[in-house]
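K.L.:
Let me give you the structure first, and then I'll get to my questions.
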Amino acid sequence: MSRPRQLSTEEIETYRNDGVVCLRDVLSLEWVKVLTQAMDDILADYSDLKTAGVQRDGVMDIVLGRSHLRALSVLGEAAEAMGGSVLAEEQSGGREGEYILVNNAVLDYAGIRRIALESPLAALAGQLFGSSKVNFVFDQVLIKEPGALSRTAFHQDQGYFKVDGPQVASFWTSCDSVDADNGRMGYIRGSHLWAMHAPNMFVSQETGPTHGLAQLPDIEGNEDEFDVIYFDVEPGDVIVHDYRTVHGSRGNVSTDRTRRAVSLRYAGDDVTYLDRPSARGEFPVDDEVGDGDSLDSATFPVVWRDQDR
């Protein structure tokens, strides 16, 4: 497998100033193949669950020690039951695909685990953070089938995560070409400097309990008022965003192109554990790690160290 390349000063400054940077061609074809095989395994499992008729029942209960595979139509129904609405692209006819989520895929899918723990991404995180070590924190697989029209509502990751400190980032990469038709990602530049806002229900602006946090403004209805940048990407490209950066994605209006992506979260020197009231139950926990503690543990392993420090 290829060694990580040295990031340019411009790439590092872009990440730190904008809260997001697209790193082109940083994963080799070999790593893309690993990711593709993992996605094939996940979709095969989802197909089995769908055939069994459980895909709309949460699919897998939240149980520590295993991954959680589900269709996000479940969250859409919950948001509507609370009086909210699902954000979706306008499209008539064609296939109605599912938006599929897997939390903690590293626990059940060897390919995702290899990319999270062994790929060049951790070393790239160290360069962006300027840290002496990097911990792996959490992963999510996000698959939008053709005709999965649900948008991913603009949100910040911070409120969902049980960690604290500025050196936390999500590394988003797809084994498919991604553009405006099949669900490209969008980010508000500079929003990593905003205050933390209430987490929403992912396919809806509905927040549920806010835990005293302000709700984000209606970004989807007023995108021209915000500095939103969208990225078209190819396999091997990786988009990195600060966990405070506001971001979302379009629905998949294509008829024949799936968008298969994973978001891998890494943390630097200054990050500690924090059991936020707003954090979701899917977030991994370690009984040996408490509020204010270093993340270093079996659950949040150190995956890179700067050998020069």
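Ordering of the structure tokens sets the chain letters (A, B, ...); residue numbers start at 1 within each chain; ligands are numbered from 1 in the order shown.
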If we count only C-alpha atoms, what is near Asp270 in chain A at a cut-off of 9 Å, once residues fewer than 6 positions away on the same chain are taken out, given as a list in words?
P.N.:
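Neighbouring residues, sequence-local ones excluded: Ser131, Asp164, Gly165, Pro166, Gln167 and Ser294 of chain A.
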K.L.:
Write out as a PyMOL selection string all residues of range 138-305 of chain A that DSSP puts in helix (DSSP H, G or I) for this structure's backbone.
P.N.:
chain A and resi 158-160+191-193+220-225
K.L.:
Would you please give, as a ChimeraX atom specification, all residues of range 23-241 of chain A that DSSP assigns to strand (DSSP E or B) based on the backbone?
P.N.:
/A:23,68-71,86,88,99-103,133-144,150,152-155,163-164,168-174,178,182,185-188,204,228-231,233,238-241
K.L.:
Write the selection just made, keeping C-alpha atoms, as a PDB file, in the first residue's frame?
P.N.:
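The resulting selection27.pdb:
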ATOM      1  CA  LEU A  23      -7.301  16.261  -0.806  1.00  0.00           C
ATOM      2  CA  HIS A  68     -25.536  -0.665  13.421  1.00  0.00           C
ATOM      3  CA  LEU A  69     -26.966  -1.003   9.908  1.00  0.00           C
ATOM      4  CA  ARG A  70     -30.212   0.750   9.022  1.00  0.00           C
ATOM      5  CA  ALA A  71     -32.213   2.596   6.403  1.00  0.00           C
ATOM      6  CA  VAL A  86     -37.826  15.179   5.274  1.00  0.00           C
ATOM      7  CA  ALA A  88     -35.575  15.686  -0.424  1.00  0.00           C
ATOM      8  CA  TYR A  99     -30.301   6.008   2.120  1.00  0.00           C
ATOM      9  CA  ILE A 100     -28.361   3.449   4.173  1.00  0.00           C
ATOM     10  CA  LEU A 101     -26.268   4.167   7.266  1.00  0.00           C
ATOM     11  CA  VAL A 102     -23.829   1.963   9.158  1.00  0.00           C
ATOM     12  CA  ASN A 103     -22.384   3.211  12.436  1.00  0.00           C
ATOM     13  CA  LYS A 133      -0.302  11.560  17.694  1.00  0.00           C
ATOM     14  CA  VAL A 134      -3.663  10.671  16.157  1.00  0.00           C
ATOM     15  CA  ASN A 135      -6.472   8.568  17.635  1.00  0.00           C
ATOM     16  CA  PHE A 136      -9.141   6.824  15.600  1.00  0.00           C
ATOM     17  CA  VAL A 137     -12.524   7.844  17.015  1.00  0.00           C
ATOM     18  CA  PHE A 138     -15.558   6.664  15.043  1.00  0.00           C
ATOM     19  CA  ASP A 139     -16.800   5.707  11.584  1.00  0.00           C
ATOM     20  CA  GLN A 140     -19.966   5.890   9.535  1.00  0.00           C
ATOM     21  CA  VAL A 141     -20.753   4.365   6.159  1.00  0.00           C
ATOM     22  CA  LEU A 142     -23.284   6.391   4.152  1.00  0.00           C
ATOM     23  CA  ILE A 143     -24.755   4.850   1.012  1.00  0.00           C
ATOM     24  CA  LYS A 144     -27.253   6.588  -1.265  1.00  0.00           C
ATOM     25  CA  SER A 150     -33.292  12.395   0.828  1.00  0.00           C
ATOM     26  CA  THR A 152     -28.408  14.981   4.405  1.00  0.00           C
ATOM     27  CA  ALA A 153     -29.485  18.072   6.335  1.00  0.00           C
ATOM     28  CA  PHE A 154     -26.787  20.648   7.026  1.00  0.00           C
ATOM     29  CA  HIS A 155     -25.365  19.930  10.475  1.00  0.00           C
ATOM     30  CA  VAL A 163     -15.197  14.085  22.410  1.00  0.00           C
ATOM     31  CA  ASP A 164     -13.963  17.606  23.117  1.00  0.00           C
ATOM     32  CA  VAL A 168     -11.203  16.456  15.476  1.00  0.00           C
ATOM     33  CA  ALA A 169     -11.885  15.878  11.789  1.00  0.00           C
ATOM     34  CA  SER A 170     -13.948  13.688   9.485  1.00  0.00           C
ATOM     35  CA  PHE A 171     -12.277  12.108   6.452  1.00  0.00           C
ATOM     36  CA  TRP A 172     -14.972  11.422   3.817  1.00  0.00           C
ATOM     37  CA  THR A 173     -14.153   9.254   0.812  1.00  0.00           C
ATOM     38  CA  SER A 174     -16.153   7.358  -1.785  1.00  0.00           C
ATOM     39  CA  VAL A 178     -19.638  11.735  -6.955  1.00  0.00           C
ATOM     40  CA  ASN A 182     -25.664  11.311  -7.011  1.00  0.00           C
ATOM     41  CA  MET A 185     -21.077  16.933  -0.262  1.00  0.00           C
ATOM     42  CA  GLY A 186     -21.415  20.634   0.569  1.00  0.00           C
ATOM     43  CA  TYR A 187     -19.711  22.679   3.310  1.00  0.00           C
ATOM     44  CA  ILE A 188     -20.060  26.205   4.706  1.00  0.00           C
ATOM     45  CA  SER A 204     -34.603  16.646   8.462  1.00  0.00           C
ATOM     46  CA  VAL A 228     -21.408  26.858   0.601  1.00  0.00           C
ATOM     47  CA  ILE A 229     -18.858  24.945  -1.458  1.00  0.00           C
ATOM     48  CA  TYR A 230     -19.679  21.603  -3.093  1.00  0.00           C
ATOM     49  CA  PHE A 231     -17.048  19.089  -4.154  1.00  0.00           C
ATOM     50  CA  VAL A 233     -14.815  13.835  -6.259  1.00  0.00           C
ATOM     51  CA  VAL A 238     -10.733  12.558   0.432  1.00  0.00           C
ATOM     52  CA  ILE A 239     -12.686  15.512   1.814  1.00  0.00           C
ATOM     53  CA  VAL A 240     -11.581  16.500   5.311  1.00  0.00           C
ATOM     54  CA  HIS A 241     -13.670  18.748   7.522  1.00  0.00           C
TER      55      HIS A 241
END
K.L.:
In Å, how far is it from CA of Ala148 in chain A to CA of Ser177 in chain A?
P.N.:
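Pair CA of Ala148 in chain A / CA of Ser177 in chain A returns 16.2 Å.
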K.L.:
Would you list the contacts of Leu29 in chain A as JSON, numbers by chain, taking every protein, DNA or RNA residue within 12 Å and counting only C-alpha atoms, but skipping same-chain residues closer than 3 positions in sequence?
P.N.:
{"A": [1, 2, 25, 26, 32, 33, 34, 35, 36, 175, 234, 235, 236, 237]}
K.L.:
Excluding Ala198 in chain A and residues on its chain fewer than 3 positions from it, collect all residues at most 6 Å away from it, counting only C-alpha atoms, and give them as a PyMOL selection string.
P.N.:
chain A and resi 210+213-215
K.L.:
Give me, as JSON lines, the closest atom pair and its distance (Å, one decimal) for every residue of range 126-162 of chain A within a cut-off of 8 Å of range 282-287 of chain A, counting only C-alpha atoms, rows sorted by chain and rising number.
P.N.:
{"residue": "A:Phe138", "atom": "CA", "partner": "A:Pro284", "partner_atom": "CA", "distance": 7.1}
{"residue": "A:Tyr160", "atom": "CA", "partner": "A:Phe283", "partner_atom": "CA", "distance": 7.8}
{"residue": "A:Phe161", "atom": "CA", "partner": "A:Phe283", "partner_atom": "CA", "distance": 6.7}
{"residue": "A:Lys162", "atom": "CA", "partner": "A:Phe283", "partner_atom": "CA", "distance": 7.0}
K.L.:
Just want the 9 Å neighbourhood of Leu107 in chain A, counted on only C-alpha atoms, with same-chain residues fewer than 4 positions away dropped. Output as a VMD selection string.
P.N.:
chain A and resid 65 to 67 112 to 113
K.L.:
From the set A:Ala110, A:Ala122, A:Leu274, A:Ala38, which residue has the shortest atom-to-atom contact distance to Gln158 in chain A, counting only C-alpha atoms?
P.N.:
A:Leu274
K.L.:
Nearest residue to Asp45 in chain A out of A:Asp181, A:Asp108, A:Glu13, A:Glu220, using only C-alpha atoms?
P.N.:
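The answer is A:Asp108, which sits nearest to Asp45 in chain A.
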K.L.:
To one decimal place in Å, what is the distance between CA of Leu121 in chain A and CA of Tyr243 in chain A?
P.N.:
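Spanning CA of Leu121 in chain A to CA of Tyr243 in chain A is a straight-line distance of 15.9 Å.
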